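Engineer: Before anything else, here's the structure in question.
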Amino acid sequence: MDKIQKSVGRGCINRSEDVKLIQQMLNSAICSIKLEENGKLNQNTIAAIDYFQRLYLGIKPDGRISPTGPTFTALELKYQKPYCETYSIALPASNNGSKLTAGDFDMAAKKLGCEEACIRAVTDVESKGGGFFPCGKPKILFEAHIFSKKTFHLFDKGYPDISSLKWNKALYVGGEAEYRRLEKAMTINRQAALESTSWGLFQIMGFNYSASGFSSVEDYIQAMFESEGKQLLAFVTYISRTGLVAYLKSKDWKSFARAYNGSKYAENKYDTKLEVAYKKYNIKK
């Protein structure tokens, strides 16, 4: 087949003939996209190069393809023998896992060295005190802006409901329907989709699986489906490893909300909600 003569991509010479060939090859290699094959380098083409390098080569993307480099070699193989990887949307069985007991909260509070009321406050605010939907699946929220980031913004135009450059509250459908959005994203990139979703009682993002004590996002999801107890243990590990337990101990709700929910925490009044929930449980105790 034809070869590119000069490098294509970020900061390269980008001959029109070479760019067009790369666009054709990327369209063949990545089934969920359709680049304009016009020989003009644009951000979408660079994003597709980044995505291909991360997904198929497992390397840190640089957005560049040289005539003799590994990225072009891999693209040649995909172009000569097109194959669209089909991602599974299967998830663990729904079982509406066992609920937390007072003893579970007491155990977690002792491990973290904070008040039990603090942990109960987080469960109230993050999941209204329950880790599962009525259907038996763990509560989730799919974050389109995270999925967009993890897939180099490559699918923003074609899939605006699940891939967005910026956080957009209007994209949430809420409740069990969030699984439809998750499954749609999983057909494009399963791992990115799972990592772009918050799970269970404490709504810990999938990309935090390692900090939560798991070796893979798949192991993390399995635990989320098993029980609220597993969800609580993930929270204890995550809070311990990330240093957020200090904010719980001091009841510094603003700092906790900022670190736990991100810079947009104030828009949803997370800190205020946490403080109100804490006072409710502290009075009961």
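Naming works like this for the structure tokens: A, B, ... for the chains as they're shown, residue 1 at the start of each chain, ligands 1 onward in shown order.
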Tell me, as a count of residues only, which residues lie within 8 Å of Gln23 of chain A, counting only C-alpha atoms; anything in the same chain fewer than 5 positions away does not count.
Structural biologist: 5
Engineer: Give me the residues within 10 Å of Asn96 of chain A as a list in words, counting only C-alpha atoms and dropping any in the same chain fewer than 4 places off.
Structural biologist: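 Those residues are Gly131, Phe132, Phe133, Pro134, Cys135, Gly136, Lys137, Pro138, Phe225, Glu226, Ser227 and Glu228 of chain A.
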Engineer: Choose the residue, out of A:Ala47, A:Val173, A:Leu57, A:Cys12, that has the smallest atom-to-atom separation from Lys150 of chain A; count only C-alpha atoms.
Structural biologist: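 The closest residue to Lys150 of chain A is A:Ala47.
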Engineer: Contacts between segment 254-275 of chain A and segment 215-241 of chain A, please, where a residue of segment 215-241 of chain A counts if it comes within 12 Å (with only C-alpha atoms); show its shortest atom pair and distance in Å to one decimal, rows by chain and ascending number, as a tab-separated table.
Structural biologist:
residue	atom	partner	partner_atom	distance
A:Phe235	CA	A:Tyr260	CA	11.1
A:Tyr238	CA	A:Tyr260	CA	10.3
A:Ile239	CA	A:Tyr260	CA	9.2
Engineer: Rounded to one decimal, what separation in Å do you get between atom CA of Ile30 of chain A and atom CA of Lys184 of chain A?
Structural biologist: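 Interatomic distance, atom CA of Ile30 of chain A to atom CA of Lys184 of chain A: 16.1 Å.
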Engineer: Can you tell me which residues surround segment 115-127 of chain A at a distance of at most 8 Å, considering only C-alpha atoms, apart from same-chain residues fewer than 5 positions away, and format the answer as a tab-separated table (two decimals) with N, CA and C atoms, in the first residue's frame?
Structural biologist:
chain	number	residue	atom	x	y	z
A	105	PHE	N	-20.83	0.92	59.87
A	105	PHE	CA	-20.46	2.32	60.02
A	105	PHE	C	-19.48	2.53	61.17
A	106	ASP	N	-19.71	1.80	62.25
A	106	ASP	CA	-18.82	1.90	63.41
A	106	ASP	C	-17.42	1.43	63.05
A	108	ALA	N	-16.02	1.37	60.05
A	108	ALA	CA	-15.39	2.32	59.14
A	108	ALA	C	-14.91	3.56	59.87
A	109	ALA	N	-15.71	4.04	60.82
A	109	ALA	CA	-15.33	5.23	61.59
A	109	ALA	C	-14.07	4.97	62.40
A	139	LYS	N	-26.05	2.15	42.21
A	139	LYS	CA	-26.33	3.49	41.72
A	139	LYS	C	-25.11	4.03	40.98
A	200	GLY	N	-22.03	3.38	43.29
A	200	GLY	CA	-22.41	2.94	44.63
A	200	GLY	C	-22.72	4.02	45.65
A	201	LEU	N	-22.65	3.62	46.91
A	201	LEU	CA	-22.97	4.49	48.03
A	201	LEU	C	-22.20	5.80	48.01
A	202	PHE	N	-20.94	5.72	47.65
A	202	PHE	CA	-20.07	6.88	47.79
A	202	PHE	C	-19.70	7.51	46.45
A	203	GLN	N	-20.27	6.98	45.37
A	203	GLN	CA	-20.11	7.57	44.04
A	203	GLN	C	-18.64	7.86	43.70
A	248	LEU	N	-12.50	15.00	56.89
A	248	LEU	CA	-13.62	14.43	57.63
A	248	LEU	C	-13.42	14.60	59.13
A	249	LYS	N	-12.21	14.34	59.57
A	249	LYS	CA	-11.92	14.47	61.00
A	249	LYS	C	-12.17	15.89	61.50
A	251	LYS	N	-14.04	18.05	59.97
A	251	LYS	CA	-15.35	18.50	59.45
A	251	LYS	C	-15.20	19.76	58.62
A	270	TYR	N	-22.57	21.02	47.65
A	270	TYR	CA	-22.16	19.80	48.31
A	270	TYR	C	-21.70	20.04	49.74
A	273	LYS	N	-24.71	20.71	51.98
A	273	LYS	CA	-25.48	19.48	52.17
A	273	LYS	C	-24.77	18.53	53.14
A	274	LEU	N	-23.46	18.45	53.03
A	274	LEU	CA	-22.69	17.58	53.93
A	274	LEU	C	-22.81	18.06	55.37
A	275	GLU	N	-22.71	19.35	55.57
A	275	GLU	CA	-22.80	19.90	56.93
A	275	GLU	C	-24.17	19.67	57.53
A	277	ALA	N	-26.31	17.27	56.71
A	277	ALA	CA	-26.46	15.83	56.97
A	277	ALA	C	-25.68	15.41	58.21
A	278	TYR	N	-24.47	15.95	58.37
A	278	TYR	CA	-23.67	15.64	59.56
A	278	TYR	C	-24.41	16.02	60.83
A	279	LYS	N	-24.97	17.21	60.85
A	279	LYS	CA	-25.68	17.70	62.04
A	279	LYS	C	-26.86	16.81	62.36
A	281	TYR	N	-27.17	13.55	61.81
A	281	TYR	CA	-26.71	12.30	62.43
A	281	TYR	C	-26.01	12.55	63.75
A	282	ASN	N	-25.35	13.67	63.90
A	282	ASN	CA	-24.66	13.97	65.15
A	282	ASN	C	-25.66	14.18	66.27
A	285	LYS	N	-27.02	10.83	67.40
A	285	LYS	CA	-26.09	10.08	68.24
A	285	LYS	C	-26.07	10.63	69.64
Engineer: Between A:Leu171, A:Ala102, A:Val19, A:Ala234, which residue has the minimum interatomic distance to Tyr209 of chain A, considering only C-alpha atoms?
Structural biologist: A:Ala234
Engineer: Just asking: which residues within segment 34-282 of chain A are alpha helix (DSSP H) according to DSSP, as a PyMOL selection string?
Structural biologist: chain A and resi 43-52+70-80+102-112+116-127+144-150+178-186+190-195+217-226+228-242+245-250+253-261+270-282
Engineer: Considering only C-alpha atoms, state which residue in the set A:Phe152, A:Arg15, A:Gly130, A:Thr101 is at the smallest distance from Tyr51 of chain A.
Structural biologist: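 For Tyr51 of chain A, the nearest of the candidates is A:Phe152.
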Engineer: So that I can see what lies close to segment 59-72 of chain A, please list as a list in words the residues with an atom at most 9 Å from it, counting only C-alpha atoms and leaving out residues fewer than 3 positions away in the same chain.
Structural biologist: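 Here the answer would be Lys3, Ile4, Gln5, Lys6, Ser7, Val8, Gly9, Arg10, Gly11, Cys12, Ile22, Thr45, Ile46, Ala47, Ala48, Ile49, Asp50, Tyr51, Phe52, Gln53, Arg54, Leu55, Tyr56, Leu75, Glu76 and Leu77 of chain A.
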Engineer: Produce a file of the selected residues containing N, CA and C atoms, as a PDB file, in the first residue's frame.
Structural biologist:
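In the end it all went to again30.pdb:
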ATOM      1  N   LYS A   3       2.667   4.728   1.139  1.00  0.00           N
ATOM      2  CA  LYS A   3       3.342   5.130   2.371  1.00  0.00           C
ATOM      3  C   LYS A   3       3.304   6.645   2.487  1.00  0.00           C
ATOM      4  N   ILE A   4       3.326   7.132   3.705  1.00  0.00           N
ATOM      5  CA  ILE A   4       3.476   8.577   3.865  1.00  0.00           C
ATOM      6  C   ILE A   4       4.946   8.924   3.642  1.00  0.00           C
ATOM      7  N   GLN A   5       5.181  10.092   3.101  1.00  0.00           N
ATOM      8  CA  GLN A   5       6.551  10.518   2.798  1.00  0.00           C
ATOM      9  C   GLN A   5       7.175  11.298   3.962  1.00  0.00           C
ATOM     10  N   LYS A   6       6.335  12.051   4.647  1.00  0.00           N
ATOM     11  CA  LYS A   6       6.804  12.857   5.764  1.00  0.00           C
ATOM     12  C   LYS A   6       5.889  12.626   6.973  1.00  0.00           C
ATOM     13  N   SER A   7       6.363  13.023   8.127  1.00  0.00           N
ATOM     14  CA  SER A   7       5.577  12.820   9.345  1.00  0.00           C
ATOM     15  C   SER A   7       4.282  13.623   9.312  1.00  0.00           C
ATOM     16  N   VAL A   8       3.271  13.049   9.965  1.00  0.00           N
ATOM     17  CA  VAL A   8       1.937  13.664  10.036  1.00  0.00           C
ATOM     18  C   VAL A   8       1.556  13.848  11.506  1.00  0.00           C
ATOM     19  N   GLY A   9       0.960  14.991  11.821  1.00  0.00           N
ATOM     20  CA  GLY A   9       0.460  15.200  13.164  1.00  0.00           C
ATOM     21  C   GLY A   9       0.922  16.492  13.790  1.00  0.00           C
ATOM     22  N   ARG A  10       0.945  16.502  15.082  1.00  0.00           N
ATOM     23  CA  ARG A  10       1.250  17.689  15.865  1.00  0.00           C
ATOM     24  C   ARG A  10       2.678  18.176  15.594  1.00  0.00           C
ATOM     25  N   GLY A  11       2.803  19.382  15.025  1.00  0.00           N
ATOM     26  CA  GLY A  11       4.115  19.972  14.784  1.00  0.00           C
ATOM     27  C   GLY A  11       4.886  19.362  13.631  1.00  0.00           C
ATOM     28  N   CYS A  12       4.209  18.610  12.749  1.00  0.00           N
ATOM     29  CA  CYS A  12       4.903  17.944  11.636  1.00  0.00           C
ATOM     30  C   CYS A  12       4.747  18.733  10.323  1.00  0.00           C
ATOM     31  N   ILE A  22      -3.416   9.160   6.097  1.00  0.00           N
ATOM     32  CA  ILE A  22      -3.561   8.871   7.525  1.00  0.00           C
ATOM     33  C   ILE A  22      -5.030   8.951   7.937  1.00  0.00           C
ATOM     34  N   THR A  45      -8.264  15.050  13.695  1.00  0.00           N
ATOM     35  CA  THR A  45      -7.276  14.095  13.188  1.00  0.00           C
ATOM     36  C   THR A  45      -6.183  13.857  14.224  1.00  0.00           C
ATOM     37  N   ILE A  46      -5.729  14.912  14.858  1.00  0.00           N
ATOM     38  CA  ILE A  46      -4.712  14.766  15.907  1.00  0.00           C
ATOM     39  C   ILE A  46      -5.273  13.955  17.071  1.00  0.00           C
ATOM     40  N   ALA A  47      -6.537  14.229  17.441  1.00  0.00           N
ATOM     41  CA  ALA A  47      -7.175  13.474  18.528  1.00  0.00           C
ATOM     42  C   ALA A  47      -7.257  11.990  18.175  1.00  0.00           C
ATOM     43  N   ALA A  48      -7.549  11.705  16.908  1.00  0.00           N
ATOM     44  CA  ALA A  48      -7.637  10.307  16.470  1.00  0.00           C
ATOM     45  C   ALA A  48      -6.277   9.619  16.550  1.00  0.00           C
ATOM     46  N   ILE A  49      -5.215  10.356  16.221  1.00  0.00           N
ATOM     47  CA  ILE A  49      -3.857   9.791  16.348  1.00  0.00           C
ATOM     48  C   ILE A  49      -3.557   9.501  17.817  1.00  0.00           C
ATOM     49  N   ASP A  50      -3.867  10.462  18.696  1.00  0.00           N
ATOM     50  CA  ASP A  50      -3.660  10.265  20.137  1.00  0.00           C
ATOM     51  C   ASP A  50      -4.425   9.040  20.630  1.00  0.00           C
ATOM     52  N   TYR A  51      -5.677   8.953  20.220  1.00  0.00           N
ATOM     53  CA  TYR A  51      -6.537   7.858  20.653  1.00  0.00           C
ATOM     54  C   TYR A  51      -5.992   6.511  20.177  1.00  0.00           C
ATOM     55  N   PHE A  52      -5.591   6.447  18.933  1.00  0.00           N
ATOM     56  CA  PHE A  52      -5.043   5.204  18.376  1.00  0.00           C
ATOM     57  C   PHE A  52      -3.770   4.795  19.122  1.00  0.00           C
ATOM     58  N   GLN A  53      -2.909   5.754  19.404  1.00  0.00           N
ATOM     59  CA  GLN A  53      -1.662   5.445  20.105  1.00  0.00           C
ATOM     60  C   GLN A  53      -1.929   4.909  21.508  1.00  0.00           C
ATOM     61  N   ARG A  54      -2.898   5.507  22.189  1.00  0.00           N
ATOM     62  CA  ARG A  54      -3.222   5.055  23.546  1.00  0.00           C
ATOM     63  C   ARG A  54      -3.920   3.713  23.530  1.00  0.00           C
ATOM     64  N   LEU A  55      -4.899   3.570  22.629  1.00  0.00           N
ATOM     65  CA  LEU A  55      -5.738   2.378  22.641  1.00  0.00           C
ATOM     66  C   LEU A  55      -5.042   1.153  22.068  1.00  0.00           C
ATOM     67  N   TYR A  56      -4.352   1.320  20.949  1.00  0.00           N
ATOM     68  CA  TYR A  56      -3.813   0.154  20.250  1.00  0.00           C
ATOM     69  C   TYR A  56      -2.324  -0.094  20.514  1.00  0.00           C
ATOM     70  N   LEU A  75      -0.936   1.042  12.140  1.00  0.00           N
ATOM     71  CA  LEU A  75      -2.021   1.483  11.263  1.00  0.00           C
ATOM     72  C   LEU A  75      -2.058   0.671   9.977  1.00  0.00           C
ATOM     73  N   GLU A  76      -0.895   0.366   9.434  1.00  0.00           N
ATOM     74  CA  GLU A  76      -0.833  -0.454   8.216  1.00  0.00           C
ATOM     75  C   GLU A  76      -1.510  -1.801   8.427  1.00  0.00           C
ATOM     76  N   LEU A  77      -1.217  -2.417   9.557  1.00  0.00           N
ATOM     77  CA  LEU A  77      -1.796  -3.726   9.852  1.00  0.00           C
ATOM     78  C   LEU A  77      -3.316  -3.636   9.953  1.00  0.00           C
TER      79      LEU A  77
END
Engineer: Find the residues of segment 122-225 of chain A that sit at most 9 Å from segment 78-89 of chain A; for each, write down the nearest two atoms and how far apart they are in Å, to one decimal. Count only C-alpha atoms. Sort by chain, then by number going up, and give it as CSV.
Structural biologist:
residue,atom,partner,partner_atom,distance
A:Leu182,CA,A:Ile89,CA,8.7
A:Glu183,CA,A:Ile89,CA,5.7
A:Lys184,CA,A:Ile89,CA,8.3
A:Met186,CA,A:Ile89,CA,5.8
A:Thr187,CA,A:Tyr87,CA,5.3
A:Ile188,CA,A:Tyr87,CA,7.1
A:Asn189,CA,A:Tyr87,CA,6.8
A:Arg190,CA,A:Tyr87,CA,6.1
Engineer: Could those selected residues go to a file with C-alpha atoms, as a PDB file, in the first residue's frame?
Structural biologist:
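Generated file (selection_18.pdb):
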ATOM      1  CA  LEU A 182     -23.030   3.894  30.193  1.00  0.00           C
ATOM      2  CA  GLU A 183     -23.780   1.015  27.818  1.00  0.00           C
ATOM      3  CA  LYS A 184     -23.683   3.325  24.816  1.00  0.00           C
ATOM      4  CA  MET A 186     -19.106   0.993  26.553  1.00  0.00           C
ATOM      5  CA  THR A 187     -19.703   0.083  22.903  1.00  0.00           C
ATOM      6  CA  ILE A 188     -17.127   2.733  21.973  1.00  0.00           C
ATOM      7  CA  ASN A 189     -14.538   2.106  24.695  1.00  0.00           C
ATOM      8  CA  ARG A 190     -15.451  -0.147  27.609  1.00  0.00           C
TER       9      ARG A 190
END
Engineer: Could you go through segment 24-214 of chain A and tell me which residues DSSP, when run on the backbone, assigns to strand (DSSP E or B), listing them as a ChimeraX atom specification?
Structural biologist: /A:64-65,132,138,140-142,197-199,204-205
Engineer: Save the residues we just selected, all heavy atoms, as a CSV table (one decimal), in the first residue's frame?
Structural biologist:
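And here is the file that came out, again-v2.csv:
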chain,number,residue,atom,x,y,z
A,64,ARG,N,1.8,12.2,16.8
A,64,ARG,CA,2.6,12.3,15.6
A,64,ARG,C,2.8,10.9,15.0
A,64,ARG,O,2.9,9.9,15.7
A,64,ARG,CB,4.0,12.8,16.0
A,64,ARG,CG,4.0,14.2,16.6
A,64,ARG,CD,5.3,14.5,17.3
A,64,ARG,NE,6.5,14.4,16.4
A,64,ARG,CZ,7.0,15.4,15.7
A,64,ARG,NH1,6.5,16.6,15.8
A,64,ARG,NH2,8.0,15.2,15.0
A,65,ILE,N,2.8,10.8,13.7
A,65,ILE,CA,3.1,9.5,13.0
A,65,ILE,C,4.2,9.7,12.0
A,65,ILE,O,4.1,10.6,11.0
A,65,ILE,CB,1.8,9.1,12.2
A,65,ILE,CG1,0.7,8.9,13.2
A,65,ILE,CG2,2.1,7.8,11.5
A,65,ILE,CD1,-0.6,8.4,12.5
A,132,PHE,N,-27.9,0.9,45.9
A,132,PHE,CA,-28.4,0.2,44.8
A,132,PHE,C,-29.8,0.8,44.3
A,132,PHE,O,-30.5,1.3,45.1
A,132,PHE,CB,-28.7,-1.3,45.2
A,132,PHE,CG,-27.4,-2.1,45.4
A,132,PHE,CD1,-26.7,-2.1,46.6
A,132,PHE,CD2,-26.9,-2.8,44.3
A,132,PHE,CE1,-25.6,-2.8,46.7
A,132,PHE,CE2,-25.7,-3.5,44.5
A,132,PHE,CZ,-25.1,-3.5,45.7
A,138,PRO,N,-26.0,-1.3,41.2
A,138,PRO,CA,-25.5,-0.2,42.0
A,138,PRO,C,-25.8,1.2,41.4
A,138,PRO,O,-25.9,1.3,40.1
A,138,PRO,CB,-24.0,-0.4,42.0
A,138,PRO,CG,-23.7,-1.3,40.9
A,138,PRO,CD,-24.9,-2.1,40.7
A,140,ILE,N,-25.4,4.7,39.9
A,140,ILE,CA,-24.3,5.3,39.1
A,140,ILE,C,-24.7,6.6,38.5
A,140,ILE,O,-25.8,7.0,38.6
A,140,ILE,CB,-23.9,4.4,37.8
A,140,ILE,CG1,-25.1,4.3,36.9
A,140,ILE,CG2,-23.5,3.0,38.3
A,140,ILE,CD1,-24.7,3.7,35.5
A,141,LEU,N,-23.7,7.3,38.1
A,141,LEU,CA,-23.8,8.6,37.3
A,141,LEU,C,-22.7,8.6,36.3
A,141,LEU,O,-21.5,8.5,36.6
A,141,LEU,CB,-23.8,9.8,38.2
A,141,LEU,CG,-24.3,11.1,37.7
A,141,LEU,CD1,-25.8,10.9,37.4
A,141,LEU,CD2,-24.1,12.2,38.7
A,142,PHE,N,-23.1,8.7,35.0
A,142,PHE,CA,-22.1,8.7,33.9
A,142,PHE,C,-21.7,10.1,33.6
A,142,PHE,O,-22.6,11.0,33.4
A,142,PHE,CB,-22.7,8.0,32.7
A,142,PHE,CG,-21.8,8.0,31.5
A,142,PHE,CD1,-20.7,7.1,31.4
A,142,PHE,CD2,-21.8,9.0,30.5
A,142,PHE,CE1,-19.8,7.1,30.4
A,142,PHE,CE2,-20.9,9.0,29.5
A,142,PHE,CZ,-19.9,8.1,29.4
A,197,THR,N,-17.6,6.7,35.1
A,197,THR,CA,-18.8,6.5,35.9
A,197,THR,C,-18.5,6.5,37.4
A,197,THR,O,-17.6,5.9,37.8
A,197,THR,CB,-19.5,5.2,35.5
A,197,THR,OG1,-19.7,5.2,34.0
A,197,THR,CG2,-20.9,5.1,36.1
A,198,SER,N,-19.4,7.1,38.2
A,198,SER,CA,-19.3,7.1,39.6
A,198,SER,C,-20.2,6.0,40.1
A,198,SER,O,-21.3,5.8,39.5
A,198,SER,CB,-19.6,8.4,40.3
A,198,SER,OG,-20.9,8.8,39.9
A,199,TRP,N,-19.8,5.3,41.2
A,199,TRP,CA,-20.5,4.0,41.6
A,199,TRP,C,-20.8,3.9,43.0
A,199,TRP,O,-20.1,4.4,43.9
A,199,TRP,CB,-19.6,2.8,41.2
A,199,TRP,CG,-19.2,2.7,39.8
A,199,TRP,CD1,-18.2,3.3,39.1
A,199,TRP,CD2,-19.9,1.8,38.8
A,199,TRP,NE1,-18.2,2.9,37.8
A,199,TRP,CE2,-19.2,2.0,37.6
A,199,TRP,CE3,-21.0,1.0,38.9
A,199,TRP,CZ2,-19.6,1.3,36.5
A,199,TRP,CZ3,-21.4,0.3,37.8
A,199,TRP,CH2,-20.7,0.5,36.6
A,204,ILE,N,-17.8,6.9,44.0
A,204,ILE,CA,-16.4,7.0,43.7
A,204,ILE,C,-16.2,6.7,42.2
A,204,ILE,O,-16.7,5.7,41.7
A,204,ILE,CB,-15.5,6.1,44.5
A,204,ILE,CG1,-15.6,6.4,46.0
A,204,ILE,CG2,-14.0,6.1,44.1
A,204,ILE,CD1,-15.0,5.4,46.9
A,205,MET,N,-15.5,7.6,41.5
A,205,MET,CA,-15.3,7.4,40.0
A,205,MET,C,-14.5,6.2,39.7
A,205,MET,O,-13.6,5.8,40.5
A,205,MET,CB,-14.6,8.6,39.4
A,205,MET,CG,-15.4,9.9,39.5
A,205,MET,SD,-16.9,9.9,38.5
A,205,MET,CE,-16.2,9.5,36.8
Engineer: Of the candidates A:Tyr220, A:Tyr179, A:Phe155, A:Trp167, which shows the shortest atom-to-atom distance to Phe207 of chain A, using only C-alpha atoms?
Structural biologist: A:Tyr220
